file coords.cif (mmCIF, C-alpha atoms)
data_final
loop_
_atom_site.label_atom_id
_atom_site.label_comp_id
_atom_site.auth_asym_id
_atom_site.auth_seq_id
_atom_site.Cartn_x
_atom_site.Cartn_y
_atom_site.Cartn_z
CA MET L 1 25.87 -52.54 104.82
CA ASN L 2 26.69 -53.08 108.49
CA LEU L 3 28.02 -49.58 108.84
CA GLN L 4 24.84 -48.20 107.40
CA ILE L 5 22.75 -49.92 110.01
CA LEU L 6 24.88 -48.38 112.74
CA LYS L 7 24.26 -44.93 111.30
CA SER L 8 20.50 -45.43 111.37
CA ARG L 9 19.00 -43.27 114.06
CA ASN L 10 16.26 -45.76 114.85
CA PHE L 11 18.84 -48.47 115.29
CA GLN L 12 20.74 -46.35 117.80
CA ILE L 13 17.53 -45.86 119.76
CA ILE L 14 17.10 -49.64 119.85
CA LEU L 15 20.64 -50.10 121.14
CA VAL L 16 19.80 -47.84 124.07
CA LEU L 17 16.31 -49.20 124.73
CA LEU L 18 17.13 -52.92 124.73
CA PRO L 19 19.43 -52.98 127.79
CA LEU L 20 16.98 -50.71 129.59
CA TRP L 21 14.23 -53.16 128.79
CA PHE L 22 16.15 -56.13 130.18
CA LEU L 23 17.12 -54.23 133.33
CA THR L 24 13.53 -53.22 134.01
CA TYR L 25 12.24 -56.72 133.34
CA HIS L 26 14.89 -58.30 135.53
CA TYR L 27 14.34 -56.04 138.53
CA LEU L 28 10.57 -55.91 138.36
CA GLN L 29 9.96 -58.63 140.94
CA PRO L 30 12.39 -57.32 143.61
CA PHE L 31 11.15 -53.78 142.93
CA THR L 32 7.53 -54.85 143.42
CA ASP L 33 8.39 -56.61 146.68
CA TRP L 34 10.31 -53.59 147.89
CA LEU L 35 7.45 -51.28 146.97
CA ILE L 36 4.81 -53.40 148.70
CA GLU L 37 6.73 -54.33 151.82
CA SER L 38 9.15 -51.49 152.49
CA ALA L 39 7.66 -48.45 150.81
CA PHE L 40 3.97 -49.15 151.49
CA GLY L 41 4.67 -51.28 154.53
CA LEU L 42 1.74 -53.61 153.83
CA PRO L 43 1.34 -56.83 155.83
CA ARG L 44 2.19 -60.06 153.99
CA ASN L 45 -0.40 -62.65 152.93
CA LYS L 46 -3.41 -60.37 153.23
CA HIS L 47 -5.85 -60.46 150.29
CA LEU L 48 -5.38 -56.81 149.47
CA THR L 49 -1.59 -57.00 149.69
CA GLU L 50 -1.39 -60.00 147.41
CA ALA L 51 -3.88 -58.52 144.96
CA LEU L 52 -1.82 -55.33 144.83
CA ARG L 53 1.41 -57.28 144.46
CA PHE L 54 -0.11 -59.29 141.61
CA PHE L 55 -1.19 -56.16 139.77
CA ILE L 56 1.97 -54.10 140.31
CA PHE L 57 4.07 -56.98 139.04
CA GLU L 58 1.91 -58.49 136.28
CA ALA L 59 0.71 -55.31 134.56
CA PRO L 60 4.16 -53.83 133.76
CA LYS L 61 5.53 -57.30 133.01
CA VAL L 62 2.87 -58.01 130.40
CA MET L 63 3.21 -54.52 128.93
CA LEU L 64 6.99 -54.93 128.64
CA LEU L 65 6.59 -58.28 126.93
CA LEU L 66 3.95 -56.84 124.60
CA ALA L 67 6.14 -53.90 123.59
CA LEU L 68 9.19 -56.03 122.84
CA ILE L 69 7.46 -58.83 120.96
CA ILE L 70 5.19 -56.54 118.95
CA PHE L 71 8.27 -54.58 117.92
CA VAL L 72 10.14 -57.71 116.80
CA VAL L 73 7.06 -59.04 115.01
CA GLY L 74 6.55 -55.64 113.37
CA VAL L 75 10.07 -55.72 111.93
CA ILE L 76 9.73 -59.35 110.82
CA ARG L 77 6.39 -58.62 109.20
CA SER L 78 7.89 -55.91 107.05
CA TYR L 79 9.51 -58.77 105.13
CA PHE L 80 6.26 -60.73 104.70
CA THR L 81 3.95 -58.73 102.49
CA ALA L 82 0.63 -60.09 101.25
CA GLU L 83 2.08 -60.20 97.73
CA ARG L 84 4.99 -62.38 98.80
CA THR L 85 2.73 -64.70 100.74
CA ARG L 86 0.57 -65.06 97.67
CA LYS L 87 3.56 -65.85 95.53
CA ALA L 88 4.72 -68.46 98.02
CA LEU L 89 1.31 -70.14 97.97
CA GLU L 90 0.78 -70.12 94.23
CA GLY L 91 0.74 -73.56 92.66
CA LYS L 92 1.09 -75.44 95.94
CA LYS L 93 -0.61 -78.82 96.29
CA THR L 94 -3.65 -78.87 98.56
CA PHE L 95 -2.31 -80.21 101.83
CA THR L 96 1.12 -78.60 101.60
CA GLY L 97 -0.65 -75.40 100.65
CA ASN L 98 -2.87 -75.59 103.75
CA VAL L 99 0.10 -76.11 106.04
CA MET L 100 2.03 -73.23 104.47
CA ALA L 101 -0.98 -70.93 104.44
CA ALA L 102 -1.63 -71.50 108.14
CA GLY L 103 2.03 -70.86 108.95
CA LEU L 104 2.20 -67.75 106.81
CA GLY L 105 -1.03 -66.60 108.45
CA ILE L 106 0.95 -65.99 111.63
CA VAL L 107 3.62 -63.75 110.11
CA THR L 108 1.77 -61.93 107.34
CA PRO L 109 0.40 -58.59 108.48
CA PHE L 110 -3.36 -58.84 108.64
CA CYS L 111 -6.26 -56.76 109.83
CA SER L 112 -9.94 -57.21 109.21
CA CYS L 113 -9.95 -54.39 106.66
CA SER L 114 -7.36 -56.20 104.55
CA ALA L 115 -9.34 -59.47 104.54
CA ILE L 116 -11.21 -58.67 101.31
CA PRO L 117 -8.26 -57.56 99.14
CA LEU L 118 -6.35 -60.55 100.44
CA PHE L 119 -9.14 -62.95 99.64
CA LEU L 120 -9.54 -61.50 96.16
CA GLY L 121 -5.81 -61.57 95.51
CA PHE L 122 -5.47 -65.17 96.63
CA VAL L 123 -8.46 -66.54 94.78
CA GLU L 124 -7.67 -64.58 91.63
CA SER L 125 -4.17 -65.94 91.36
CA GLY L 126 -5.52 -69.48 91.48
CA ILE L 127 -4.81 -70.35 95.10
CA PRO L 128 -7.43 -72.96 96.08
CA LEU L 129 -10.32 -71.85 98.27
CA GLY L 130 -9.34 -74.26 101.05
CA VAL L 131 -5.78 -72.94 101.19
CA THR L 132 -7.10 -69.38 101.32
CA PHE L 133 -9.30 -70.37 104.26
CA SER L 134 -6.40 -71.91 106.14
CA PHE L 135 -4.80 -68.48 105.94
CA LEU L 136 -7.96 -66.62 106.92
CA ILE L 137 -8.44 -68.85 109.98
CA ALA L 138 -4.86 -68.83 111.24
CA SER L 139 -4.26 -65.14 110.70
CA PRO L 140 -6.58 -63.66 113.33
CA MET L 141 -6.58 -66.65 115.70
CA ILE L 142 -2.85 -67.01 116.19
CA ASN L 143 -1.78 -63.47 116.83
CA GLU L 144 1.18 -62.20 118.77
CA VAL L 145 -0.88 -60.49 121.47
CA ALA L 146 -2.63 -63.76 122.37
CA ILE L 147 0.66 -65.64 122.45
CA ILE L 148 2.41 -63.08 124.66
CA LEU L 149 -0.46 -62.87 127.12
CA LEU L 150 -0.71 -66.64 127.35
CA TYR L 151 3.02 -66.79 127.91
CA GLY L 152 2.94 -64.02 130.51
CA LEU L 153 -0.03 -65.30 132.50
CA PHE L 154 0.20 -69.09 132.05
CA GLY L 155 3.72 -69.93 130.93
CA TRP L 156 5.23 -71.07 127.65
CA GLN L 157 3.56 -74.51 127.62
CA THR L 158 0.08 -73.05 127.32
CA ALA L 159 1.25 -70.56 124.69
CA LEU L 160 2.72 -73.43 122.68
CA ILE L 161 -0.44 -75.53 123.03
CA TYR L 162 -2.43 -72.59 121.74
CA VAL L 163 -0.20 -72.09 118.69
CA VAL L 164 -0.06 -75.78 117.79
CA THR L 165 -3.79 -76.40 118.17
CA GLY L 166 -4.62 -73.17 116.37
CA LEU L 167 -2.42 -74.18 113.44
CA THR L 168 -3.93 -77.66 113.38
CA ILE L 169 -7.46 -76.27 113.27
CA ALA L 170 -6.55 -73.82 110.50
CA ILE L 171 -4.88 -76.55 108.42
CA PHE L 172 -7.66 -79.09 108.75
CA ALA L 173 -10.61 -76.69 108.53
CA GLY L 174 -9.12 -75.25 105.34
CA TRP L 175 -8.44 -78.70 103.99
CA VAL L 176 -12.04 -79.82 104.63
CA ILE L 177 -13.44 -76.66 103.02
CA GLY L 178 -11.23 -77.37 100.01
CA LYS L 179 -12.48 -80.96 99.77
CA LEU L 180 -16.10 -79.85 99.90
CA LYS L 181 -15.66 -77.82 96.68
CA LEU L 182 -17.66 -74.80 97.77
CA GLU L 183 -16.55 -72.42 95.03
CA LYS L 184 -20.20 -72.04 93.99
CA TRP L 185 -20.82 -70.15 97.23
CA VAL L 186 -18.26 -67.51 96.47
CA GLU L 187 -19.81 -64.34 95.07
CA PRO L 188 -19.40 -64.48 91.27
CA TRP L 189 -17.87 -60.99 91.01
CA VAL L 190 -14.82 -62.29 92.84
CA TYR L 191 -13.84 -64.34 89.82
CA GLU L 192 -14.44 -61.46 87.45
CA THR L 193 -12.13 -59.07 89.27
CA GLN L 194 -9.13 -58.07 87.24
CA LEU L 195 -5.90 -58.48 89.04
CA GLY L 196 -3.38 -55.83 88.20
CA ASN L 197 0.26 -56.48 87.91
CA SER L 198 1.83 -54.27 90.49
CA GLU L 199 5.42 -55.22 90.78
CA MET L 200 7.04 -53.18 93.44
CA ASP L 201 10.45 -53.80 94.80
CA GLU L 202 9.81 -54.31 98.50
CA ASP L 203 13.45 -55.04 99.21
CA ARG L 204 14.16 -51.40 98.68
CA ILE L 205 12.75 -50.51 102.07
CA SER L 206 15.75 -49.70 104.23
CA PHE L 207 16.35 -51.37 107.57
CA ASP L 208 15.86 -47.98 109.17
CA ILE L 209 12.30 -47.90 107.83
CA ARG L 210 11.68 -51.47 108.98
CA ILE L 211 12.69 -50.50 112.51
CA ARG L 212 10.37 -47.54 112.28
CA MET L 213 7.59 -49.93 111.19
CA GLY L 214 8.30 -51.91 114.34
CA PHE L 215 7.92 -48.78 116.46
CA GLU L 216 4.71 -47.88 114.65
CA ALA L 217 3.32 -51.36 115.32
CA VAL L 218 4.07 -50.99 119.04
CA LYS L 219 2.45 -47.57 119.14
CA GLU L 220 -0.60 -48.77 117.27
CA ILE L 221 -1.21 -52.10 119.00
CA VAL L 222 -0.16 -51.19 122.53
CA GLY L 223 -2.18 -47.99 122.21
CA LYS L 224 -5.19 -50.09 121.30
CA VAL L 225 -4.91 -52.87 123.86
CA TRP L 226 -3.26 -51.45 126.99
CA LEU L 227 -6.53 -50.53 128.62
CA TYR L 228 -7.95 -54.05 128.13
CA VAL L 229 -4.78 -55.60 129.49
CA MET L 230 -4.85 -53.36 132.56
CA LEU L 231 -8.55 -54.01 133.16
CA GLY L 232 -8.13 -57.73 132.65
CA ILE L 233 -5.21 -57.96 135.06
CA ALA L 234 -6.97 -55.70 137.56
CA ILE L 235 -10.01 -57.99 137.48
CA GLY L 236 -7.67 -60.93 137.80
CA ALA L 237 -5.98 -59.33 140.79
CA GLY L 238 -9.32 -58.46 142.38
CA VAL L 239 -10.74 -61.93 141.95
CA HIS L 240 -7.45 -63.46 143.10
CA GLY L 241 -8.35 -63.78 146.74
CA PHE L 242 -12.00 -62.83 146.91
CA VAL L 243 -13.94 -65.29 144.77
CA PRO L 244 -14.15 -68.90 145.99
CA GLU L 245 -11.67 -71.24 144.34
CA ASN L 246 -14.15 -73.57 142.63
CA PHE L 247 -16.67 -70.94 141.62
CA MET L 248 -16.58 -71.88 137.92
CA ALA L 249 -16.08 -75.62 138.36
CA SER L 250 -19.74 -76.61 138.06
CA LEU L 251 -20.25 -74.40 135.00
CA MET L 252 -17.02 -74.78 133.07
CA GLY L 253 -15.38 -77.73 134.78
CA LYS L 254 -14.32 -81.02 133.27
CA SER L 255 -17.31 -83.02 134.41
CA THR L 256 -19.82 -80.86 132.56
CA TRP L 257 -19.52 -82.21 129.02
CA TYR L 258 -21.67 -79.55 127.39
CA SER L 259 -19.44 -76.76 128.69
CA VAL L 260 -17.19 -76.97 125.59
CA PRO L 261 -19.85 -76.53 122.87
CA LEU L 262 -21.64 -73.98 125.04
CA SER L 263 -18.48 -71.90 125.48
CA ILE L 264 -17.93 -71.94 121.71
CA LEU L 265 -21.50 -70.83 120.99
CA ILE L 266 -21.21 -68.02 123.52
CA GLY L 267 -17.83 -67.05 122.09
CA ILE L 268 -18.95 -66.51 118.47
CA PRO L 269 -21.01 -63.33 118.94
CA LEU L 270 -18.66 -62.08 121.66
CA TYR L 271 -16.12 -59.94 119.99
CA SER L 272 -13.01 -59.06 121.86
CA ASN L 273 -9.39 -58.87 121.02
CA ALA L 274 -6.89 -61.24 122.55
CA ALA L 275 -5.84 -58.54 124.98
CA GLY L 276 -9.24 -58.49 126.60
CA ILE L 277 -9.99 -62.18 126.61
CA VAL L 278 -6.79 -63.78 127.92
CA PRO L 279 -6.82 -62.18 131.39
CA ILE L 280 -10.48 -63.17 131.73
CA VAL L 281 -9.68 -66.73 130.71
CA SER L 282 -6.91 -66.80 133.30
CA VAL L 283 -9.48 -65.86 135.95
CA LEU L 284 -11.88 -68.56 134.70
CA ILE L 285 -9.18 -71.21 134.97
CA GLU L 286 -8.13 -70.08 138.40
CA LYS L 287 -11.70 -70.41 139.56
CA GLY L 288 -12.14 -73.98 138.41
CA ALA L 289 -12.80 -73.87 134.67
CA SER L 290 -10.91 -76.63 132.88
CA LEU L 291 -8.14 -75.80 130.42
CA GLY L 292 -9.89 -77.35 127.41
CA THR L 293 -13.10 -75.42 127.98
CA ALA L 294 -11.27 -72.15 128.60
CA LEU L 295 -9.10 -72.66 125.51
CA ALA L 296 -12.17 -73.41 123.38
CA PHE L 297 -13.88 -70.28 124.67
CA MET L 298 -10.85 -68.16 123.89
CA MET L 299 -10.38 -69.56 120.38
CA SER L 300 -14.03 -69.05 119.60
CA VAL L 301 -13.97 -65.42 120.75
CA ILE L 302 -10.78 -64.56 118.83
CA GLY L 303 -11.03 -66.86 115.81
CA LEU L 304 -14.71 -66.59 115.00
CA SER L 305 -15.64 -62.96 115.12
CA LEU L 306 -18.90 -61.53 113.91
CA PRO L 307 -17.38 -58.35 112.40
CA GLU L 308 -15.04 -60.43 110.26
CA MET L 309 -17.99 -62.53 109.05
CA VAL L 310 -19.84 -59.36 108.09
CA ILE L 311 -16.82 -58.21 106.07
CA LEU L 312 -16.44 -61.62 104.43
CA ARG L 313 -20.12 -61.53 103.43
CA LYS L 314 -19.04 -59.21 100.59
CA VAL L 315 -17.20 -62.08 98.92
CA LEU L 316 -18.87 -65.18 100.35
CA LYS L 317 -22.47 -66.33 100.26
CA ILE L 318 -24.14 -67.09 103.58
CA PRO L 319 -24.02 -70.92 103.26
CA LEU L 320 -20.24 -70.75 102.92
CA ILE L 321 -19.90 -68.47 105.94
CA LEU L 322 -22.05 -70.87 107.97
CA THR L 323 -20.01 -73.84 106.77
CA PHE L 324 -16.85 -71.97 107.73
CA ILE L 325 -18.17 -71.25 111.24
CA GLY L 326 -19.40 -74.84 111.55
CA ILE L 327 -16.11 -76.46 110.57
CA VAL L 328 -13.91 -74.17 112.63
CA GLY L 329 -16.34 -74.54 115.55
CA CYS L 330 -16.09 -78.34 115.32
CA GLY L 331 -12.30 -78.09 115.23
CA ILE L 332 -12.28 -75.96 118.37
CA MET L 333 -14.68 -78.40 120.01
CA VAL L 334 -12.35 -81.33 119.33
CA VAL L 335 -9.48 -79.36 120.86
CA GLY L 336 -11.59 -78.51 123.90
CA PHE L 337 -12.65 -82.11 124.52
CA LEU L 338 -9.14 -83.39 123.88
CA PHE L 339 -7.60 -81.12 126.50
CA ASN L 340 -10.32 -81.79 129.03
CA PHE L 341 -9.62 -85.49 128.47
CA ILE L 342 -5.82 -85.24 128.74
CA PHE L 343 -5.48 -82.87 131.68
CA MET X 1 17.61 -29.15 79.29
CA LEU X 2 15.04 -28.85 82.02
CA PRO X 3 15.79 -30.54 85.32
CA LEU X 4 13.79 -33.74 85.51
CA ASN X 5 12.05 -32.66 88.68
CA SER X 6 10.26 -29.70 87.23
CA GLN X 7 8.72 -31.87 84.54
CA ILE X 8 7.43 -34.52 86.90
CA ASN X 9 6.21 -31.99 89.41
CA PHE X 10 3.83 -30.49 86.91
CA ASN X 11 0.44 -31.42 88.32
CA MET X 12 1.04 -34.93 89.55
CA GLU X 13 -1.74 -37.36 90.05
CA ILE X 14 -1.71 -38.90 93.49
CA LYS X 15 -4.08 -41.63 94.53
CA ILE X 16 -4.67 -43.09 97.96
CA LEU X 17 -5.97 -46.64 97.73
CA GLY X 18 -7.85 -47.94 100.73
CA THR X 19 -11.18 -49.31 101.86
CA GLY X 20 -11.55 -46.91 104.75
CA CYS X 21 -9.53 -48.41 107.60
CA PRO X 22 -7.84 -46.05 110.09
CA LYS X 23 -4.46 -46.49 108.40
CA CYS X 24 -5.89 -45.44 105.05
CA LYS X 25 -7.18 -42.22 106.56
CA ALA X 26 -3.83 -41.62 108.22
CA LEU X 27 -2.06 -42.04 104.89
CA GLU X 28 -4.46 -39.67 103.16
CA ASN X 29 -4.03 -36.99 105.82
CA ALA X 30 -0.26 -37.35 105.84
CA THR X 31 -0.11 -37.08 102.05
CA ARG X 32 -2.30 -34.00 101.93
CA GLU X 33 -0.22 -32.41 104.64
CA ALA X 34 3.02 -33.13 102.79
CA ILE X 35 1.62 -31.63 99.61
CA THR X 36 0.30 -28.43 101.17
CA LYS X 37 3.37 -27.83 103.28
CA ASN X 38 5.78 -28.25 100.41
CA ASN X 39 3.67 -26.54 97.74
CA ILE X 40 3.62 -29.58 95.52
CA ASP X 41 1.34 -29.24 92.54
CA ALA X 42 -0.72 -32.40 92.72
CA THR X 43 -4.27 -33.66 92.76
CA VAL X 44 -5.07 -36.14 95.47
CA THR X 45 -7.92 -38.58 95.04
CA LYS X 46 -9.10 -41.31 97.35
CA VAL X 47 -9.93 -44.64 95.70
CA GLU X 48 -12.25 -46.81 97.74
CA ASP X 49 -13.63 -49.12 95.08
CA ILE X 50 -12.18 -52.56 95.71
CA THR X 51 -12.05 -53.59 92.04
CA GLU X 52 -10.09 -50.44 91.25
CA ILE X 53 -7.76 -51.06 94.18
CA MET X 54 -7.12 -54.65 93.15
CA LYS X 55 -5.85 -53.51 89.77
CA LEU X 56 -2.89 -51.96 91.54
CA THR X 57 -2.33 -53.60 94.90
CA MET X 58 -3.37 -56.27 97.37
CA THR X 59 -2.08 -54.43 100.39
CA THR X 60 -3.90 -51.37 101.68
CA PRO X 61 -3.39 -48.54 102.18
CA ALA X 62 -1.29 -47.72 99.16
CA LEU X 63 0.07 -44.51 97.71
CA VAL X 64 0.07 -44.22 93.95
CA VAL X 65 2.00 -41.45 92.21
CA ASP X 66 1.36 -41.06 88.48
CA GLY X 67 0.07 -44.60 88.20
CA LYS X 68 2.91 -46.21 90.11
CA VAL X 69 2.58 -47.77 93.58
CA VAL X 70 5.25 -46.23 95.78
CA VAL X 71 4.11 -47.23 99.26
CA LYS X 72 1.84 -49.91 100.54
CA GLY X 73 0.70 -51.16 103.93
CA ARG X 74 2.25 -48.37 105.95
CA VAL X 75 2.20 -44.66 106.60
CA PRO X 76 5.60 -43.10 105.85
CA SER X 77 7.02 -40.10 107.71
CA GLN X 78 6.61 -36.61 106.23
CA ASP X 79 10.22 -36.55 104.99
CA GLU X 80 9.89 -39.89 103.28
CA LEU X 81 6.57 -38.91 101.74
CA VAL X 82 8.01 -35.78 100.16
CA GLN X 83 10.92 -37.80 98.84
CA LEU X 84 8.63 -40.44 97.36
CA ILE X 85 6.32 -37.92 95.75
CA GLU X 86 9.01 -35.71 94.26
CA LYS X 87 11.18 -38.53 93.00
#

call {"tool": "encode", "arguments": {"input": "coords.cif", "output": "structure tokens"}}
result
Amino acid sequence: MNLQILKSRNFQIILVLLPLWFLTYHYLQPFTDWLIESAFGLPRNKHLTEALRFFIFEAPKVMLLLALIIFVVGVIRSYFTAERTRKALEGKKTFTGNVMAAGLGIVTPFCSCSAIPLFLGFVESGIPLGVTFSFLIASPMINEVAIILLYGLFGWQTALIYVVTGLTIAIFAGWVIGKLKLEKWVEPWVYETQLGNSEMDEDRISFDIRIRMGFEAVKEIVGKVWLYVMLGIAIGAGVHGFVPENFMASLMGKSTWYSVPLSILIGIPLYSNAAGIVPIVSVLIEKGASLGTALAFMMSVIGLSLPEMVILRKVLKIPLILTFIGIVGCGIMVVGFLFNFIF
Amino acid sequence: MLPLNSQINFNMEIKILGTGCPKCKALENATREAITKNNIDATVTKVEDITEIMKLTMTTPALVVDGKVVVKGRVPSQDELVQLIEK
């Protein structure tokens, strides 16, 4: 078994790339300083110099982190198929089910086009509606790109806060939806769908293929988000020294109570991926927005997206979609207020 | 006795299951390419109806050869595709 892994070509590539990655990451800061001060010969502590330093350091750093983590997540996800997740959730009691569904929502591969088959598969095999919702809420909201960017631009504490609050919202929103017994607002054809019995041995995928899936994930996701990340960091770098420090304080600061619900309402129709929103949120915070308000805004943009609602409309009636938005929105609001109160 | 391969190869039925996401299109293109390049005698159909898809898989896209799901949720390389189809 071990010998076979060593023979895998993709594994050999990894063995070469990993040390390179760590070297690059380790020497990024001194390299940036050398580039700015010695090679370009720019004066210290000028706005332009610091903006340039910020960009030249942050952009590659975030891209490096993205590539590594997306690769690792891609390999891990090859073990968590939708079918396995469903099996794990079958027959679970309500609350335990909600907790597990939210947790599995993080690791199970998910895109908006797989939302419908997933929903059908879950509901058909008798997984309660509330548990299914816990999954559907956690899956897009807590994604690896958001976590990496939060880690890269704010530090691990903020990333952790995001994951924990996101999980909590997914668990409780799903639990409430389950308690409300809203099955009548699910399109009837959902319950008439015949579920086939496709047993396929997923263990048969070789480790070599799993590594390749990791590479594919990096290519796909980094290819999709790099431009947003660059733009976001460039805006961040530009605003760094040029916009007054408390520019956003009156609008999104702690003292304005309505800033939390307002940010959530604005966030629902705004559709952006995590890659685009996190750098913007970092700018908002730097310019005086409070953490709770910024967090609420970010969760609303990522977790409540209009395109996903449109897709879900195929299986859910409008009252249920509105209830879903309402409950998740309230959850985000509580988080926003809580963090504005604590910090 | 005929080699097993020649029997199975005789006009296979290949289905691509997917609701139309980019990955589904990638899988369809890759499959068609593998078939043309290797002169495999097979009919490829795209299945987009969700109730039909659900009878076979929950993960899209999926590749179905003679009624059996052989790949789901990913787009295999050309080599792997040929292997999977001819098996």

call {"tool": "interface_residues", "arguments": {"input": "coords.cif", "of": "chain X", "to": "chain L", "cutoff": "8 Å", "atoms": "all atoms listed in the file", "output": "JSON, numbers by chain"}}
result
{"X": [19, 20, 21, 50, 51, 54, 55, 56, 57, 58, 59, 60, 69, 70, 74]}

call {"tool": "atom_distance", "arguments": {"input": "coords.cif", "atom1": "atom CA of Gly214 of chain L", "atom2": "atom CA of Val73 of chain L"}}
result
7.3 Å

call {"tool": "closest_residue", "arguments": {"input": "coords.cif", "among": "L:Val328, L:Leu270, L:Met100, L:Leu64", "to": "Pro307 of chain L", "atoms": "only C-alpha atoms"}}
result
L:Leu270

call {"tool": "atom_distance", "arguments": {"input": "coords.cif", "atom1": "atom CA of Gly178 of chain L", "atom2": "atom CA of Ile321 of chain L"}}
result
13.8 Å

call {"tool": "residues_around", "arguments": {"input": "coords.cif", "residues": "segment 259-264 of chain L", "least_positions_apart": "6", "cutoff": "10 Å", "atoms": "all atoms listed in the file", "output": "list of chain:residue names"}}
result
L:Ser250, L:Leu251, L:Met252, L:Gly253, L:Leu270, L:Ala289, L:Ser290, L:Gly292, L:Thr293, L:Ala294, L:Leu295, L:Ala296, L:Phe297, L:Met298, L:Met299, L:Ser300, L:Val301, L:Leu304, L:Gly329, L:Cys330, L:Ile332, L:Met333, L:Val334, L:Val335, L:Gly336, L:Phe337, L:Asn340

call {"tool": "closest_residue", "arguments": {"input": "coords.cif", "among": "L:Ile70, L:Asp208, L:Ala159, L:Val16", "to": "Glu80 of chain X", "atoms": "all atoms listed in the file"}}
result
L:Asp208

call {"tool": "atom_distance", "arguments": {"input": "coords.cif", "atom1": "atom CA of Lys92 of chain L", "atom2": "atom CA of Ile318 of chain L"}}
result
27.7 Å

call {"tool": "closest_residue", "arguments": {"input": "coords.cif", "among": "X:Val65, X:Ile16, X:Val82, X:Cys24", "to": "Thr36 of chain X", "atoms": "all atoms listed in the file"}}
result
X:Val82

call {"tool": "resolve_selection", "arguments": {"input": "coords.cif", "expression": "the PyMOL selection byres ((chain X and resi 38-43) around 9)", "output": "list in words"}}
result
Asn9, Phe10, Asn11, Met12, Glu13, Ile14, Lys15, Glu33, Ala34, Ile35, Thr36, Lys37, Val44, Thr45, Val82, Ile85 and Glu86 of chain X

call {"tool": "resolve_selection", "arguments": {"input": "coords.cif", "expression": "the PyMOL selection byres ((chain L and resi 309) around 12)", "output": "PyMOL selection string"}}
result
chain L and resi 112-113+115-116+136-137+268-269+271+303-308+310-325

call {"tool": "closest_residue", "arguments": {"input": "coords.cif", "among": "L:Ala170, L:Leu15, L:Leu231, L:Val281", "to": "Met141 of chain L", "atoms": "only C-alpha atoms"}}
result
L:Ala170

call {"tool": "residues_around", "arguments": {"input": "coords.cif", "residues": "Leu18 of chain L", "least_positions_apart": "2", "cutoff": "12 Å", "atoms": "all atoms listed in the file", "output": "PyMOL selection string"}}
result
chain L and resi 11-16+20-25+64+67-69+71-72

call {"tool": "closest_residue", "arguments": {"input": "coords.cif", "among": "X:Ala30, X:Val71, X:Leu84, X:Ala62", "to": "Val47 of chain X", "atoms": "only C-alpha atoms"}}
result
X:Ala62

call {"tool": "residues_around", "arguments": {"input": "coords.cif", "residues": "Leu182 of chain L", "least_positions_apart": "5", "cutoff": "9 Å", "atoms": "all atoms listed in the file", "output": "PyMOL selection string"}}
result
chain L and resi 129-130+177+320

call {"tool": "closest_residue", "arguments": {"input": "coords.cif", "among": "L:Gly267, L:Lys287, L:Ile327, L:Ile56", "to": "Leu180 of chain L", "atoms": "only C-alpha atoms"}}
result
L:Ile327

call {"tool": "resolve_selection", "arguments": {"input": "coords.cif", "expression": "the PyMOL selection byres ((chain L and resi 52) around 10)", "output": "list in words"}}
result
Thr32, Ile36, Leu42, Lys46, His47, Leu48, Thr49, Glu50, Ala51, Arg53, Phe54, Phe55, Ile56, Phe57, Glu58, Ala234, Ala237 and Gly238 of chain L

call {"tool": "residues_around", "arguments": {"input": "coords.cif", "residues": "Leu160 of chain L", "least_positions_apart": "6", "cutoff": "10 Å", "atoms": "only C-alpha atoms", "output": "PyMOL selection string"}}
result
chain L and resi 147+150-151+166
